[in-house]
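Below is the file query.cif, which contains mmCIF, C-alpha atoms and all ligand atoms.
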```
data_model
loop_
_atom_site.label_atom_id
_atom_site.label_comp_id
_atom_site.auth_asym_id
_atom_site.auth_seq_id
_atom_site.Cartn_x
_atom_site.Cartn_y
_atom_site.Cartn_z
CA MET A 1 -8.66 16.69 -3.57
CA ALA A 2 -11.56 17.41 -1.24
CA HIS A 3 -12.71 14.31 0.60
CA LEU A 4 -15.80 12.32 -0.45
CA ILE A 5 -18.41 10.61 1.70
CA ALA A 6 -19.64 7.12 0.83
CA PRO A 7 -22.73 6.33 2.92
CA SER A 8 -22.90 2.60 3.66
CA LEU A 9 -26.21 0.96 2.85
CA LEU A 10 -25.49 -1.71 5.48
CA SER A 11 -26.90 0.56 8.19
CA ALA A 12 -30.04 1.48 6.25
CA ASP A 13 -33.52 0.14 6.99
CA PHE A 14 -33.65 -2.83 4.57
CA SER A 15 -37.43 -2.68 4.49
CA ASP A 16 -37.04 0.66 2.68
CA LEU A 17 -33.96 0.28 0.49
CA LYS A 18 -35.47 2.52 -2.15
CA GLY A 19 -35.85 5.32 0.39
CA ALA A 20 -32.24 4.89 1.52
CA VAL A 21 -30.87 4.96 -2.02
CA LYS A 22 -33.02 8.01 -2.87
CA LEU A 23 -31.68 9.79 0.20
CA VAL A 24 -28.09 9.25 -0.94
CA ASP A 25 -29.07 10.15 -4.49
CA GLU A 26 -30.32 13.56 -3.36
CA SER A 27 -27.35 14.15 -1.04
CA PRO A 28 -23.91 15.63 -1.78
CA ALA A 29 -22.31 12.16 -1.35
CA PRO A 30 -21.03 11.03 -4.76
CA TRP A 31 -20.60 7.35 -3.81
CA LEU A 32 -22.83 4.67 -2.30
CA HIS A 33 -20.92 2.02 -0.34
CA LEU A 34 -22.24 -1.55 -0.72
CA ASP A 35 -21.02 -4.20 1.73
CA VAL A 36 -21.25 -7.75 0.44
CA MET A 37 -20.55 -10.46 3.06
CA ASP A 38 -20.42 -14.22 2.70
CA GLY A 39 -20.51 -15.52 6.28
CA VAL A 40 -17.08 -17.14 5.69
CA PHE A 41 -14.57 -14.32 5.34
CA VAL A 42 -16.56 -12.35 7.92
CA PRO A 43 -18.94 -13.59 10.62
CA ASN A 44 -22.01 -12.05 8.98
CA ILE A 45 -24.10 -12.26 5.79
CA SER A 46 -25.46 -9.06 4.27
CA PHE A 47 -26.80 -8.72 0.73
CA GLY A 48 -25.51 -9.53 -2.72
CA ILE A 49 -25.89 -9.36 -6.45
CA PRO A 50 -29.70 -9.26 -6.85
CA VAL A 51 -29.96 -6.35 -4.41
CA ILE A 52 -27.27 -4.38 -6.24
CA ARG A 53 -28.97 -5.08 -9.57
CA SER A 54 -32.35 -3.92 -8.31
CA ILE A 55 -31.13 -0.64 -6.81
CA ARG A 56 -28.94 0.23 -9.83
CA PRO A 57 -31.73 2.00 -11.76
CA LEU A 58 -32.52 4.24 -8.77
CA THR A 59 -29.36 6.38 -8.92
CA ARG A 60 -26.33 7.27 -10.99
CA LYS A 61 -24.09 7.58 -7.92
CA VAL A 62 -20.89 5.54 -7.95
CA PHE A 63 -21.49 2.02 -6.62
CA ASP A 64 -18.52 1.47 -4.32
CA THR A 65 -18.74 -2.26 -3.80
CA HIS A 66 -16.83 -3.78 -0.88
CA LEU A 67 -16.57 -7.54 -1.15
CA MET A 68 -15.97 -9.34 2.13
CA ILE A 69 -16.01 -12.74 0.47
CA VAL A 70 -13.40 -15.44 -0.07
CA ASP A 71 -12.20 -16.16 -3.60
CA PRO A 72 -14.14 -13.42 -5.40
CA ASP A 73 -12.82 -14.26 -8.90
CA PRO A 74 -15.87 -16.21 -10.20
CA PHE A 75 -18.14 -13.26 -9.37
CA ILE A 76 -16.21 -10.35 -10.92
CA ASN A 77 -18.16 -10.19 -14.17
CA VAL A 78 -21.45 -10.75 -12.37
CA PHE A 79 -20.84 -7.72 -10.15
CA SER A 80 -19.92 -5.67 -13.18
CA ASP A 81 -23.16 -6.68 -14.94
CA ALA A 82 -25.16 -5.88 -11.79
CA GLY A 83 -23.84 -2.31 -11.88
CA ALA A 84 -20.79 -2.09 -9.62
CA ASP A 85 -18.45 0.76 -10.60
CA ILE A 86 -15.68 0.04 -8.12
CA LEU A 87 -14.97 -3.49 -6.91
CA THR A 88 -12.88 -3.80 -3.78
CA VAL A 89 -11.59 -7.18 -2.65
CA HIS A 90 -9.77 -8.09 0.54
CA LEU A 91 -6.05 -8.77 0.38
CA GLU A 92 -6.59 -11.49 2.99
CA ALA A 93 -9.25 -13.23 0.87
CA CYS A 94 -7.40 -13.53 -2.46
CA ARG A 95 -4.86 -16.18 -3.37
CA HIS A 96 -3.64 -14.42 -6.51
CA LEU A 97 -4.38 -10.79 -5.79
CA HIS A 98 -2.62 -9.37 -8.84
CA ARG A 99 -4.66 -11.60 -11.13
CA THR A 100 -7.89 -10.60 -9.39
CA VAL A 101 -7.08 -6.90 -9.73
CA GLN A 102 -6.38 -7.29 -13.44
CA ALA A 103 -9.65 -9.20 -13.90
CA ILE A 104 -11.62 -6.40 -12.18
CA LYS A 105 -10.11 -3.85 -14.54
CA ALA A 106 -10.70 -6.07 -17.56
CA ALA A 107 -14.37 -6.21 -16.56
CA GLY A 108 -14.48 -2.40 -16.88
CA MET A 109 -14.52 -1.50 -13.17
CA LYS A 110 -12.13 0.38 -10.93
CA ALA A 111 -10.12 -1.94 -8.72
CA GLY A 112 -9.74 -1.61 -4.96
CA VAL A 113 -7.96 -3.67 -2.33
CA SER A 114 -8.91 -3.60 1.33
CA ILE A 115 -6.72 -4.42 4.32
CA ASN A 116 -7.96 -5.54 7.72
CA PRO A 117 -6.81 -3.79 10.90
CA HIS A 118 -4.05 -6.38 11.49
CA THR A 119 -2.68 -6.32 7.94
CA PRO A 120 0.37 -4.09 7.51
CA VAL A 121 0.37 -1.35 4.88
CA SER A 122 3.67 -2.81 3.59
CA SER A 123 1.72 -5.79 2.13
CA LEU A 124 0.45 -3.38 -0.54
CA GLU A 125 3.98 -2.53 -1.68
CA ASP A 126 3.84 -4.56 -4.91
CA ILE A 127 0.20 -3.99 -5.80
CA ILE A 128 -0.52 -0.34 -4.99
CA ALA A 129 0.68 0.96 -8.37
CA ASP A 130 -2.04 -1.16 -10.03
CA LEU A 131 -4.87 0.05 -7.80
CA ASP A 132 -7.52 2.73 -8.14
CA LEU A 133 -8.40 2.48 -4.46
CA VAL A 134 -7.03 1.22 -1.14
CA LEU A 135 -9.67 0.60 1.53
CA VAL A 136 -8.30 0.71 5.05
CA MET A 137 -10.55 -1.10 7.52
CA SER A 138 -10.73 0.90 10.72
CA VAL A 139 -12.84 -1.81 12.43
CA ASN A 140 -12.83 -5.57 11.97
CA PRO A 141 -15.13 -6.15 9.00
CA GLY A 142 -18.54 -7.72 9.40
CA PHE A 143 -20.74 -5.23 11.22
CA GLY A 144 -21.73 -1.61 11.21
CA GLY A 145 -21.68 0.56 14.31
CA GLN A 146 -18.33 -0.58 15.75
CA LYS A 147 -15.71 1.53 17.49
CA PHE A 148 -13.01 3.17 15.36
CA ILE A 149 -9.51 1.71 15.84
CA ALA A 150 -7.07 4.59 16.45
CA ASN A 151 -4.04 2.78 14.95
CA THR A 152 -5.67 3.59 11.60
CA TYR A 153 -4.08 7.06 11.71
CA ARG A 154 -0.62 5.50 11.72
CA LYS A 155 -1.57 3.27 8.80
CA LEU A 156 -2.84 6.25 6.83
CA ASP A 157 0.47 8.05 7.29
CA GLN A 158 2.35 4.98 6.08
CA LEU A 159 -0.05 4.53 3.16
CA ARG A 160 0.39 8.09 1.99
CA ASP A 161 4.17 7.57 1.96
CA LEU A 162 3.88 4.25 0.14
CA ARG A 163 1.55 5.75 -2.47
CA ALA A 164 4.01 8.54 -3.21
CA ARG A 165 7.00 6.19 -3.24
CA ARG A 166 5.35 3.75 -5.66
CA ASP A 167 3.92 6.54 -7.81
CA SER A 168 0.39 5.24 -7.28
CA LYS A 169 -2.79 7.18 -8.03
CA ALA A 170 -4.93 5.06 -5.68
CA LEU A 171 -7.53 6.86 -3.59
CA ILE A 172 -7.37 6.15 0.13
CA GLU A 173 -10.70 5.13 1.69
CA VAL A 174 -11.39 4.52 5.38
CA ASP A 175 -14.21 2.22 6.52
CA GLY A 176 -15.56 1.69 10.02
CA GLY A 177 -16.48 3.90 12.94
CA VAL A 178 -16.28 7.10 10.91
CA GLY A 179 -18.31 10.03 12.20
CA GLN A 180 -18.31 13.72 12.94
CA ASP A 181 -15.80 13.18 15.77
CA ASN A 182 -12.98 11.84 13.57
CA VAL A 183 -13.67 12.93 9.99
CA ARG A 184 -11.41 15.98 10.14
CA GLU A 185 -8.49 14.06 11.64
CA LEU A 186 -8.87 11.29 9.05
CA VAL A 187 -8.75 13.79 6.22
CA ARG A 188 -5.70 15.40 7.81
CA HIS A 189 -4.01 11.97 7.72
CA GLY A 190 -4.75 11.60 4.00
CA ALA A 191 -8.16 9.93 3.69
CA ASP A 192 -9.78 10.76 0.34
CA VAL A 193 -13.01 8.79 0.85
CA LEU A 194 -14.84 8.15 4.12
CA VAL A 195 -17.40 5.39 4.48
CA ALA A 196 -20.15 6.19 6.97
CA GLY A 197 -22.91 3.77 7.94
CA ASN A 198 -24.14 4.19 11.48
CA SER A 199 -23.27 7.90 11.64
CA VAL A 200 -25.51 8.55 8.62
CA PHE A 201 -28.41 6.10 8.72
CA ASN A 202 -28.87 6.09 12.49
CA ALA A 203 -28.60 9.86 12.76
CA LYS A 204 -31.77 11.83 13.56
CA ASP A 205 -31.38 13.60 10.23
CA PRO A 206 -29.36 11.43 7.81
CA MET A 207 -29.23 14.11 5.12
CA ALA A 208 -27.85 16.66 7.59
CA ALA A 209 -25.29 14.04 8.72
CA ILE A 210 -24.06 13.53 5.13
CA VAL A 211 -23.79 17.30 4.65
CA ALA A 212 -21.90 17.72 7.94
CA LEU A 213 -19.46 14.90 7.12
CA THR A 214 -18.93 16.35 3.64
CA ASN A 215 -18.09 19.74 5.12
CA GLY A 216 -15.71 18.04 7.59
C1 LIG A 301 -18.10 -3.22 8.00
C2 LIG A 301 -18.40 -2.57 6.69
C3 LIG A 301 -18.63 -1.11 6.77
C4 LIG A 301 -19.78 -0.70 7.65
C5 LIG A 301 -19.35 0.56 8.31
O1 LIG A 301 -17.66 -4.49 7.79
O2 LIG A 301 -17.35 -2.77 5.76
O3 LIG A 301 -18.76 -0.52 5.49
O4 LIG A 301 -20.98 -0.48 6.97
O5 LIG A 301 -20.29 0.91 9.24
P1 LIG A 301 -20.04 2.04 10.33
O6 LIG A 301 -19.82 3.33 9.59
O7 LIG A 301 -21.33 2.02 11.10
O8 LIG A 301 -18.86 1.63 11.14
ZN ZN A 302 -17.46 -1.56 3.87
#
```

For this file, write the structure as structure tokens.
Ligand code: DX5
Ligand code: ZN
Amino acid sequence: MAHLIAPSLLSADFSDLKGAVKLVDESPAPWLHLDVMDGVFVPNISFGIPVIRSIRPLTRKVFDTHLMIVDPDPFINVFSDAGADILTVHLEACRHLHRTVQAIKAAGMKAGVSINPHTPVSSLEDIIADLDLVLVMSVNPGFGGQKFIANTYRKLDQLRDLRARRDSKALIEVDGGVGQDNVRELVRHGADVLVAGNSVFNAKDPMAAIVALTNG
């Protein structure tokens, strides 16, 4: 499939969230990436459920919700009610990952699992067949605007092999340090979805940046 761009709201001007969501709504990007942080799993706090609920009526784009929170289980239904379409949890943050994935699906959402830069692709071996999405962190989670970690390419190659071997239909998403300089190479290594925060919202012309990333 052709790759998709998921602009990350984390890099938007929070004093004009409506403007940021409208921009994505009018762009060719089919997904909006929403980074939820708890200050425990990652050294930062971003935004959460009330923000997602209040921007939901502004667009029909897919809400690609990336939870960087420990023990997400009690919040799964709440995120579904707030309007999340995809709920991605971190492998490192879940005690019973298989149970969490099943609960996300039971709540009517697509289920994703994210792995940090130090987590090997092989840890997904026994869960990938159950997933709709694997999110490969190409920076350490917590902040926008960080430098892309080049070892990600190796992980993407391994992930593509694992997906084929385990007969999984999971999309492969890359998050962190994605921009015009690496989008083509990431797609060549099998990325289906590319998250872009800084390279979209801090560009001179964010709409042109989304179009350029979409065209590779
Ligand atoms: C980082 C977040 C990312 C972030 C990416 O923890 O998961 O989604 O917004 O930002 P950029 O594209 O600026 O690296
Ligand atoms: Zn993210």

_Given all atoms listed in the file as the counted atoms, nearest of A:His3, A:Arg56, A:Lys61, A:His90 to Leu171 in chain A_ =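 Once distances to Leu171 in chain A are computed over all atoms listed in the file, the minimum belongs to A:His3.
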
*Compute the set of protein, DNA and RNA residues whose minimum atom distance to ligand LIG 301 (chain A) is at most 8 Å, using only C-alpha atoms and all ligand atoms, and state it as JSON, numbers by chain.*
{"A": [7, 8, 9, 10, 11, 33, 34, 35, 42, 66, 68, 137, 139, 140, 141, 142, 143, 144, 145, 146, 147, 148, 175, 176, 177, 178, 179, 195, 196, 197, 198, 199, 200]}

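Restricting the calculation to all atoms listed in the file, the smallest distance between Gly190 in chain A and any of A:Arg166, A:Lys204, A:Arg53, A:Lys155 is found for A:Lys155.
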
*Find, counting all atoms listed in the file, the residue in A:Leu17, A:Ala129, A:Val187, A:Leu156 that gets nearest to Ala2 in chain A.*
A:Val187

*Which residue gives the smallest distance to Gly39 in chain A among A:Asp64, A:Lys169, A:Lys110, A:Val70, with only C-alpha atoms counted?*
A:Val70

*asked:* What's the separation between CA of Asp25 in chain A and CA of Asp85 in chain A, in Å to one decimal place?
replied: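 According to the coordinates, CA of Asp25 in chain A and CA of Asp85 in chain A are separated by 15.4 Å.
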
*For range 26-31 of chain A, please output as a VMD selection string all residues within 7 Å (counting only C-alpha atoms; exclusion window: fewer than 6 positions along the same chain).*
chain A and resid 4 to 6 61 to 64 207 210 to 211

*asked:* If we count all atoms listed in the file and set the cut-off at 9 Å, which residues sit around Pro72 in chain A, ignoring sequence neighbours fewer than 3 positions away in its own chain? Please answer as a list in words.
replied: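 In the requested format, the answer is Leu67, Met68, Ile69, Phe75, Ile76, Val89, Ala93, Cys94 and Thr100 of chain A.
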
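The shortest atom-to-atom distance to ligand ZN 302 (chain A), with only C-alpha atoms and all ligand atoms taken into account, belongs to A:Val36 out of A:Val36, A:Ile104, A:Ala82, A:Ile45.
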
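Here CA of Thr119 in chain A stands at a distance of 9.5 Å from CA of Val136 in chain A.
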
*Step by step: start from the point (-8.6, 0.5, -5.2) in the file's coordinates, keep every protein, DNA or RNA residue that has an atom no farther than 9 Å from it, count all atoms listed in the file, and write the set as a PyMOL selection string.*
chain A and resi 86-89+101+110-114+128+130-135+170-173

*Can you work out which one of A:Ala107, A:His118, A:Met37, A:Ala209 has the shortest atom-to-atom distance to ligand ZN 302 (chain A), counting all atoms listed in the file?*
A:Met37

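Between CA of Ala12 in chain A and CA of Ile149 in chain A the separation is 22.7 Å.
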
Name all residues at most 12 Å from Pro50 in chain A (count all atoms listed in the file; drop same-chain ones fewer than 4 positions away) and give them as a PDB file with C-alpha atoms, in the frame of the given file.
```pdb
ATOM      1  CA  VAL A  36     -21.250  -7.750   0.440  1.00  0.00           C
ATOM      2  CA  SER A  46     -25.460  -9.060   4.270  1.00  0.00           C
ATOM      3  CA  SER A  54     -32.350  -3.920  -8.310  1.00  0.00           C
ATOM      4  CA  ILE A  55     -31.130  -0.640  -6.810  1.00  0.00           C
ATOM      5  CA  ARG A  56     -28.940   0.230  -9.830  1.00  0.00           C
ATOM      6  CA  VAL A  78     -21.450 -10.750 -12.370  1.00  0.00           C
ATOM      7  CA  PHE A  79     -20.840  -7.720 -10.150  1.00  0.00           C
ATOM      8  CA  ASP A  81     -23.160  -6.680 -14.940  1.00  0.00           C
ATOM      9  CA  ALA A  82     -25.160  -5.880 -11.790  1.00  0.00           C
ATOM     10  CA  GLY A  83     -23.840  -2.310 -11.880  1.00  0.00           C
ATOM     11  CA  ALA A  84     -20.790  -2.090  -9.620  1.00  0.00           C
TER      12      ALA A  84
END
```
